[in-house]
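Asks: Hey, dropping entry_33.txt in here, compact mmCIF, C-alpha atoms:
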```
# COMPACT_ATOMS: atom_id res chain seq x y z
CA MET E 1 106.78 118.96 197.19
CA LYS E 2 107.74 115.61 195.75
CA LEU E 3 105.91 114.20 192.76
CA HIS E 4 106.96 110.72 191.72
CA VAL E 5 106.18 109.60 188.19
CA LYS E 6 106.59 106.01 187.03
CA ASN E 7 106.12 104.74 183.50
CA ALA E 8 106.10 101.30 181.90
CA GLY E 9 105.14 102.13 178.33
CA LEU E 10 107.45 101.35 175.41
CA ALA E 11 110.11 100.08 177.80
CA LEU E 12 110.36 103.56 179.32
CA TYR E 13 110.75 103.54 183.08
CA SER E 14 110.69 106.99 184.55
CA SER E 15 110.37 108.82 187.81
CA LEU E 16 109.68 112.48 188.25
CA LEU E 17 110.66 114.34 191.37
CA LEU E 18 108.94 117.69 191.49
CA ALA E 19 110.24 119.95 194.24
CA ALA E 20 108.81 123.33 195.11
CA CYS E 21 111.49 124.82 197.29
CA GLN E 22 113.11 128.00 198.52
CA LYS E 23 116.33 129.01 196.85
CA GLU E 24 118.13 129.47 200.19
CA THR E 25 118.41 126.20 202.09
CA SER E 26 120.18 124.95 205.16
CA LYS E 27 123.70 123.63 204.59
CA ASN E 28 122.62 120.37 206.20
CA THR E 29 119.42 119.77 204.25
CA THR E 30 118.55 119.53 200.60
CA ALA E 31 115.84 121.56 198.94
CA ALA E 32 113.70 118.47 198.51
CA GLU E 33 113.98 117.65 202.21
CA GLU E 34 112.57 120.99 203.29
CA LEU E 35 109.06 120.17 202.09
CA SER E 36 107.47 116.87 202.97
CA PRO E 37 104.34 115.42 201.35
CA ALA E 38 102.43 116.40 204.48
CA ASN E 39 102.98 120.12 203.94
CA SER E 40 103.47 120.09 200.17
CA ARG E 41 100.16 121.88 199.65
CA SER E 42 101.10 124.74 201.96
CA GLU E 43 101.96 128.19 200.64
CA PRO E 44 105.67 128.80 201.21
CA LYS E 45 107.17 131.90 199.69
CA LEU E 46 108.96 130.32 196.77
CA LYS E 47 111.83 131.91 194.92
CA ASN E 48 112.13 129.10 192.42
CA ASP E 49 110.65 125.73 191.55
CA GLU E 50 112.85 122.83 190.65
CA LEU E 51 111.91 119.69 188.81
CA GLU E 52 114.05 116.57 188.71
CA LEU E 53 113.29 114.18 185.89
CA ASN E 54 114.78 110.71 185.61
CA ILE E 55 113.83 108.69 182.52
CA THR E 56 115.45 105.60 181.08
CA GLY E 57 114.66 104.07 177.71
CA LEU E 58 114.60 107.25 175.63
CA GLU E 59 116.62 107.26 172.42
CA ASN E 60 118.99 109.73 170.83
CA LEU E 61 116.89 111.97 168.57
CA GLY E 62 119.84 113.22 166.53
CA PRO E 63 120.86 116.82 165.85
CA ASN E 64 117.48 118.09 164.62
CA ALA E 65 115.22 117.33 167.57
CA ARG E 66 115.05 117.68 171.35
CA TYR E 67 112.92 116.37 174.20
CA GLU E 68 110.97 118.93 176.21
CA GLY E 69 108.97 118.52 179.39
CA TRP E 70 105.77 120.42 180.21
CA VAL E 71 103.70 120.77 183.34
CA ILE E 72 100.05 121.65 182.93
CA ILE E 73 99.14 124.45 185.33
CA LYS E 74 95.59 125.78 185.32
CA GLY E 75 95.08 124.21 181.89
CA ALA E 76 98.13 125.84 180.30
CA PRO E 77 101.44 124.15 179.37
CA VAL E 78 104.56 125.49 181.09
CA SER E 79 107.92 124.30 179.80
CA THR E 80 110.13 122.53 182.33
CA GLY E 81 113.12 122.52 180.01
CA VAL E 82 114.72 120.95 176.96
CA PHE E 83 117.17 118.05 176.99
CA THR E 84 118.89 115.53 174.75
CA VAL E 85 119.69 111.86 175.20
CA ASN E 86 122.95 110.29 174.04
CA ASN E 87 123.48 106.88 172.47
CA SER E 88 123.79 105.35 175.95
CA GLY E 89 120.39 106.68 176.98
CA GLN E 90 121.81 109.31 179.32
CA MET E 91 119.95 112.61 179.62
CA SER E 92 121.94 115.80 179.10
CA GLN E 93 120.13 117.37 182.05
CA ASN E 94 117.69 116.09 184.65
CA ILE E 95 117.18 119.03 187.02
CA PHE E 96 115.15 121.92 185.67
CA GLU E 97 114.02 125.25 187.09
CA VAL E 98 110.48 126.35 186.35
CA PRO E 99 110.00 130.10 186.96
CA ALA E 100 107.78 130.79 189.96
CA THR E 101 106.11 133.55 187.96
CA GLN E 102 104.37 130.80 185.97
CA ASP E 103 102.63 129.72 189.22
CA LYS E 104 103.74 127.16 191.74
CA LEU E 105 104.40 123.59 190.71
CA LYS E 106 102.06 122.37 193.42
CA ASN E 107 99.24 123.43 191.08
CA ALA E 108 100.46 121.19 188.26
CA THR E 109 97.83 118.67 187.23
CA ALA E 110 99.74 116.76 184.54
CA PHE E 111 103.14 116.28 182.93
CA VAL E 112 103.71 115.87 179.18
CA LEU E 113 106.90 114.94 177.34
CA THR E 114 107.13 116.14 173.75
CA ILE E 115 109.58 115.90 170.86
CA GLU E 116 110.48 119.32 169.52
CA PRO E 117 112.35 120.44 166.38
CA TYR E 118 115.77 121.98 166.81
CA PRO E 119 116.16 124.84 166.46
CA ASP E 120 112.66 125.62 167.70
CA ASN E 121 111.23 129.11 167.30
CA SER E 122 107.85 128.28 168.84
CA PRO E 123 107.24 128.66 172.58
CA ALA E 124 104.31 126.24 172.42
CA PRO E 125 104.48 122.43 172.64
CA SER E 126 104.68 120.53 169.37
CA ASP E 127 102.00 118.02 168.38
CA GLN E 128 104.43 115.15 169.04
CA HIS E 129 103.38 114.19 172.56
CA LEU E 130 105.28 111.05 173.59
CA LEU E 131 104.39 110.51 177.26
CA ALA E 132 101.91 112.03 179.65
CA GLY E 133 100.44 111.46 183.08
CA ASN E 134 98.20 113.09 185.67
CA PHE E 135 99.38 114.04 189.14
CA ASN E 136 97.45 112.55 192.05
CA VAL E 137 98.63 114.53 195.07
CA ASN E 138 102.33 113.64 194.74
CA THR E 139 102.24 110.61 192.47
CA ALA E 140 101.69 110.20 188.73
CA SER E 141 102.28 107.60 186.04
CA LEU E 142 103.53 108.51 182.58
CA SER E 143 102.37 106.40 179.65
CA ILE E 144 102.05 106.55 175.91
CA ASN E 145 98.33 105.70 176.12
CA HIS E 146 97.45 108.83 178.08
CA PRO E 147 94.97 111.04 176.13
CA ALA E 148 97.56 113.83 176.10
CA ALA E 149 100.17 111.51 174.55
CA LEU E 150 99.69 108.86 171.83
CA ASN E 151 96.40 107.74 173.42
CA THR E 152 97.12 104.07 172.67
CA HIS E 153 99.29 101.27 174.07
CA PHE E 154 99.47 99.31 170.77
CA SER E 155 98.56 96.05 172.53
CA SER E 156 96.06 95.20 169.79
CA ALA E 157 98.37 96.05 166.87
CA THR E 158 99.07 93.19 164.46
CA GLY E 159 100.79 92.94 161.10
CA TYR E 160 101.71 90.80 158.10
CA PHE E 161 104.27 91.51 155.41
CA LEU E 162 104.98 90.05 152.01
CA LEU E 163 108.28 89.90 150.11
CA ALA E 164 107.40 90.69 146.51
CA THR E 165 108.09 93.11 143.64
CA PRO E 166 104.81 94.01 141.94
CA ALA E 167 106.65 96.52 139.74
CA THR E 168 108.34 93.78 137.71
CA ALA E 169 107.10 90.75 135.79
CA THR E 170 110.06 88.56 136.72
CA MET E 171 110.01 86.28 139.75
CA THR E 172 113.76 86.39 140.30
CA ASP E 173 113.78 89.64 142.29
CA GLU E 174 110.98 88.96 144.78
CA LEU E 175 113.32 89.58 147.72
CA SER E 176 113.83 93.17 146.56
CA GLY E 177 110.46 94.41 147.80
CA ILE E 178 108.50 94.38 151.04
CA TRP E 179 104.79 95.13 151.42
CA PHE E 180 102.54 95.20 154.45
CA ILE E 181 100.03 92.87 152.81
CA ASN E 182 98.16 89.82 154.06
CA ALA E 183 97.91 87.31 151.20
CA MET E 184 96.86 84.34 153.29
CA GLY E 185 93.29 84.52 151.98
CA GLY E 186 94.42 84.34 148.37
CA SER E 187 93.64 87.97 147.55
CA PRO E 188 95.82 90.85 148.76
CA ALA E 189 94.41 92.52 151.87
CA ALA E 190 95.67 95.07 154.36
CA GLY E 191 98.40 93.51 156.45
CA LEU E 192 98.42 96.03 159.26
CA ASN E 193 95.93 96.48 162.07
CA LEU E 194 97.08 99.66 163.75
CA PRO E 195 95.44 102.18 166.07
CA ALA E 196 94.75 105.66 164.72
CA LEU E 197 97.46 108.15 165.61
CA PRO E 198 96.86 111.66 166.94
CA VAL E 199 97.90 114.80 165.10
CA GLY E 200 101.67 115.07 164.84
CA TRP E 201 102.37 111.35 164.34
CA ARG E 202 102.46 108.93 161.43
CA TYR E 203 103.73 105.42 160.78
CA GLU E 204 106.75 104.68 158.62
CA GLY E 205 108.35 101.41 157.53
CA TRP E 206 112.09 100.90 157.08
CA ALA E 207 114.22 98.33 155.27
CA LEU E 208 117.89 97.78 155.98
CA ILE E 209 119.80 97.66 152.67
CA SER E 210 123.56 97.15 152.77
CA GLY E 211 123.48 98.37 156.36
CA GLN E 212 121.58 101.55 155.52
CA PRO E 213 117.97 102.20 156.64
CA VAL E 214 115.76 103.04 153.65
CA SER E 215 112.18 104.23 154.06
CA THR E 216 109.31 102.21 152.64
CA GLY E 217 107.12 105.30 152.97
CA ALA E 218 105.13 107.03 155.69
CA PHE E 219 101.40 106.53 156.16
CA MET E 220 98.49 107.14 158.50
CA ASN E 221 96.32 104.18 157.55
CA GLY E 222 97.43 100.61 156.84
CA ASN E 223 94.52 100.20 154.42
CA MET E 224 95.94 102.75 152.00
CA ALA E 225 99.16 103.33 150.06
CA ASP E 226 101.96 105.21 151.75
CA ASN E 227 102.89 108.75 150.76
CA ALA E 228 106.08 107.85 148.88
CA ALA E 229 106.39 105.26 146.13
CA PRO E 230 109.48 106.06 144.06
CA PHE E 231 109.68 102.50 142.74
CA SER E 232 106.11 101.14 142.68
CA GLY E 233 102.85 101.45 144.52
CA PRO E 234 100.08 98.93 145.20
CA PRO E 235 97.31 100.38 147.43
CA PHE E 236 99.03 99.31 150.66
CA PRO E 237 102.12 100.53 152.52
CA GLY E 238 105.36 99.07 151.21
CA GLU E 239 108.02 99.44 148.56
CA ASP E 240 109.83 97.78 145.66
CA PHE E 241 113.54 98.51 145.85
CA ILE E 242 114.36 97.51 142.30
CA THR E 243 116.37 100.64 141.51
CA MET E 244 117.90 100.68 144.97
CA HIS E 245 118.70 96.98 144.75
CA ARG E 246 120.53 97.37 141.46
CA ARG E 247 122.42 100.39 142.68
CA VAL E 248 123.73 98.74 145.83
```
With the file now loaded, output its structure as structure tokens.
Replies:
Amino acid sequence: MKLHVKNAGLALYSSLLLAACQKETSKNTTAAEELSPANSRSEPKLKNDELELNITGLENLGPNARYEGWVIIKGAPVSTGVFTVNNSGQMSQNIFEVPATQDKLKNATAFVLTIEPYPDNSPAPSDQHLLAGNFNVNTASLSINHPAALNTHFSSATGYFLLATPATATMTDELSGIWFINAMGGSPAAGLNLPALPVGWRYEGWALISGQPVSTGAFMNGNMADNAAPFSGPPFPGEDFITMHRRV
């Protein structure tokens, strides 16, 4: 059974080839060739199920996280395997075996890609669902705006920022702070119009100082202060880097 998945969200273009096949195959045919879409809903005696996943556009998560795929079978998530992506965007693995004891892949109704901690002691998916898509016979489309993923495509997101340092009275260091504030109306107002994120996700701003990324703080709502203000803290996301600026 072949299931093709295409995605165009966040510059991620992916295809998913889902093959339910017998372990022993002819020397002249591949496992995927044995089952055509016409008989993909038949009941062959499967010894294993293989899934081939090809995704471009994913980034290297670093040493403390991994990507993991999941097929939804009869409402329950079944892991299709864990993989990493290098700095060139290459996946460490793209063919995965899903145990037949978990039911046949032909019964999969959806695919979800998550970000998992590493090491990961939990057999369940994390709350960080990145992409998801429903299968329609043998075709599906992965996207970030699927309800099982981020549930938004960010097309309506807008933002303003302001270079300022509210923590100091001087005007000579205004370039040492950045705030997501809209001051065009004369009074400070929220500068970010962002969709609500599902459980497991939050926004975070970053400034590049002397070549090093420095967090401006994480937040869930652009109308409120972020959760970290080591230098100063108006009631909007942002940061004064006075101490950081002097140190570097």
Asks: Which of these, E:Leu208, E:Ala189, E:Leu105, E:Val199, has the shortest distance to Gly177 (chain E) once you count only C-alpha atoms?
Replies: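 Closest to Gly177 (chain E) of all the choices is E:Leu208.
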Asks: How would you write as a list of chain:residue names the residues that get within 12 Å of (115.4, 98.2, 153.8) in the file's frame, counting all atoms listed in the file?
Replies: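 Selection result: E:Leu163, E:Leu175, E:Ser176, E:Gly177, E:Ile178, E:Trp179, E:Glu204, E:Gly205, E:Trp206, E:Ala207, E:Leu208, E:Ile209, E:Ser210, E:Gly211, E:Gln212, E:Pro213, E:Val214, E:Ser215, E:Thr216, E:Gly217, E:Gly238, E:Glu239, E:Asp240, E:Phe241, E:Ile242, E:Met244, E:His245, E:Val248.
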Asks: Residues near Leu131 (chain E), anyone? I mean within 10 Å using all atoms listed in the file, not counting same-chain ones fewer than 6 positions away, as JSON, numbers by chain.
Replies: {"E": [7, 9, 10, 12, 69, 111, 112, 113, 114, 115, 141, 142, 143, 144, 145, 146, 147, 148, 149, 150, 151]}
Asks: Report, in Å with one decimal, the straight-line distance from CA of Glu50 (chain E) to CA of Ile95 (chain E).
Replies: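 CA of Ile95 (chain E) lies at a distance of 6.8 Å from CA of Glu50 (chain E).
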Asks: So the first atom is CA of Glu116 (chain E) and the second is CA of Ser92 (chain E); what is the distance between them in Å, to one decimal place?
Replies: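 So the two atoms, CA of Glu116 (chain E) and CA of Ser92 (chain E), lie 15.3 Å apart.
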Asks: For each of E:Leu53, E:Ala157, E:Ala110, E:Ala169, take the minimum atom-to-atom distance to Ala76 (chain E), counting all atoms listed in the file, then give the residue where this is smallest.
Replies: E:Ala110
Asks: May I ask for the distance between CA of Leu197 (chain E) and CA of Asn227 (chain E), given in Å to one decimal place?
Replies: 15.8 Å
Asks: Using only C-alpha atoms, determine which residues lie at most 8 Å from Pro235 (chain E), disregarding the query and same-chain residues fewer than 4 positions distant; provide the list as a list in words.
Replies: Asn223, Met224, Ala225 and Asp226 of chain E
Asks: Tell me, as an MDAnalysis selection string, which residues lie within 10 Å of Phe161 (chain E), counting all atoms listed in the file; anything in the same chain fewer than 2 positions away does not count.
Replies: chainID E and resid 159 163:164 178:183 190:192 237:238
Asks: What would region 69-100 of chain E look like with N, CA and C atoms restored, written as a short mmCIF file (atom, residue, chain, number, x, y, z; two decimals), in the coordinates of the input?
Replies:
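So the final result, stored in rebuild.cif, reads:
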```
data_model
loop_
_atom_site.label_atom_id
_atom_site.label_comp_id
_atom_site.auth_asym_id
_atom_site.auth_seq_id
_atom_site.Cartn_x
_atom_site.Cartn_y
_atom_site.Cartn_z
N GLY E 69 110.00 118.82 178.41
CA GLY E 69 108.97 118.52 179.39
C GLY E 69 108.04 119.70 179.59
N TRP E 70 106.79 119.40 179.97
CA TRP E 70 105.77 120.42 180.21
C TRP E 70 104.93 120.02 181.41
N VAL E 71 104.69 120.97 182.30
CA VAL E 71 103.70 120.77 183.34
C VAL E 71 102.45 121.56 182.95
N ILE E 72 101.31 120.97 183.22
CA ILE E 72 100.05 121.65 182.93
C ILE E 72 99.56 122.33 184.20
N ILE E 73 99.54 123.64 184.18
CA ILE E 73 99.14 124.45 185.33
C ILE E 73 97.95 125.30 184.94
N LYS E 74 96.84 125.07 185.61
CA LYS E 74 95.59 125.78 185.32
C LYS E 74 95.24 125.67 183.83
N GLY E 75 95.46 124.49 183.27
CA GLY E 75 95.08 124.21 181.89
C GLY E 75 96.08 124.66 180.85
N ALA E 76 97.15 125.32 181.26
CA ALA E 76 98.13 125.84 180.30
C ALA E 76 99.46 125.11 180.44
N PRO E 77 100.14 124.82 179.30
CA PRO E 77 101.44 124.15 179.37
C PRO E 77 102.55 125.13 179.75
N VAL E 78 103.39 124.71 180.67
CA VAL E 78 104.56 125.49 181.09
C VAL E 78 105.79 124.62 180.90
N SER E 79 106.73 125.09 180.10
CA SER E 79 107.92 124.30 179.80
C SER E 79 108.75 124.08 181.06
N THR E 80 109.22 122.83 181.23
CA THR E 80 110.13 122.53 182.33
C THR E 80 111.56 122.41 181.85
N GLY E 81 111.77 122.55 180.53
CA GLY E 81 113.12 122.52 180.01
C GLY E 81 113.32 121.53 178.88
N VAL E 82 114.38 121.76 178.13
CA VAL E 82 114.72 120.95 176.96
C VAL E 82 115.96 120.12 177.29
N PHE E 83 116.00 118.89 176.77
CA PHE E 83 117.17 118.05 176.99
C PHE E 83 117.37 117.11 175.82
N THR E 84 118.56 116.54 175.75
CA THR E 84 118.89 115.53 174.75
C THR E 84 119.22 114.23 175.46
N VAL E 85 119.31 113.17 174.69
CA VAL E 85 119.69 111.86 175.20
C VAL E 85 120.78 111.31 174.29
N ASN E 86 121.86 110.80 174.86
CA ASN E 86 122.95 110.29 174.04
C ASN E 86 122.70 108.83 173.65
N ASN E 87 123.65 108.25 172.96
CA ASN E 87 123.48 106.88 172.47
C ASN E 87 123.43 105.84 173.59
N SER E 88 123.86 106.24 174.79
CA SER E 88 123.79 105.35 175.95
C SER E 88 122.51 105.53 176.75
N GLY E 89 121.64 106.43 176.28
CA GLY E 89 120.39 106.68 176.98
C GLY E 89 120.49 107.67 178.12
N GLN E 90 121.62 108.35 178.25
CA GLN E 90 121.81 109.31 179.32
C GLN E 90 121.25 110.68 178.93
N MET E 91 120.50 111.28 179.85
CA MET E 91 119.95 112.61 179.62
C MET E 91 121.03 113.67 179.80
N SER E 92 120.98 114.71 178.98
CA SER E 92 121.94 115.80 179.10
C SER E 92 121.71 116.63 180.34
N GLN E 93 120.50 116.59 180.87
CA GLN E 93 120.13 117.37 182.05
C GLN E 93 118.93 116.70 182.68
N ASN E 94 118.87 116.68 184.01
CA ASN E 94 117.69 116.09 184.65
C ASN E 94 117.12 116.95 185.76
N ILE E 95 117.73 118.09 186.05
CA ILE E 95 117.18 119.03 187.02
C ILE E 95 116.87 120.32 186.28
N PHE E 96 115.63 120.78 186.42
CA PHE E 96 115.15 121.92 185.67
C PHE E 96 114.49 122.93 186.62
N GLU E 97 114.64 124.19 186.31
CA GLU E 97 114.02 125.25 187.09
C GLU E 97 112.84 125.81 186.31
N VAL E 98 111.69 125.80 186.96
CA VAL E 98 110.48 126.35 186.35
C VAL E 98 110.19 127.68 187.04
N PRO E 99 110.17 128.79 186.33
CA PRO E 99 110.00 130.10 186.96
C PRO E 99 108.76 130.17 187.82
N ALA E 100 108.92 130.69 189.04
CA ALA E 100 107.78 130.79 189.96
C ALA E 100 106.71 131.73 189.43
#
```
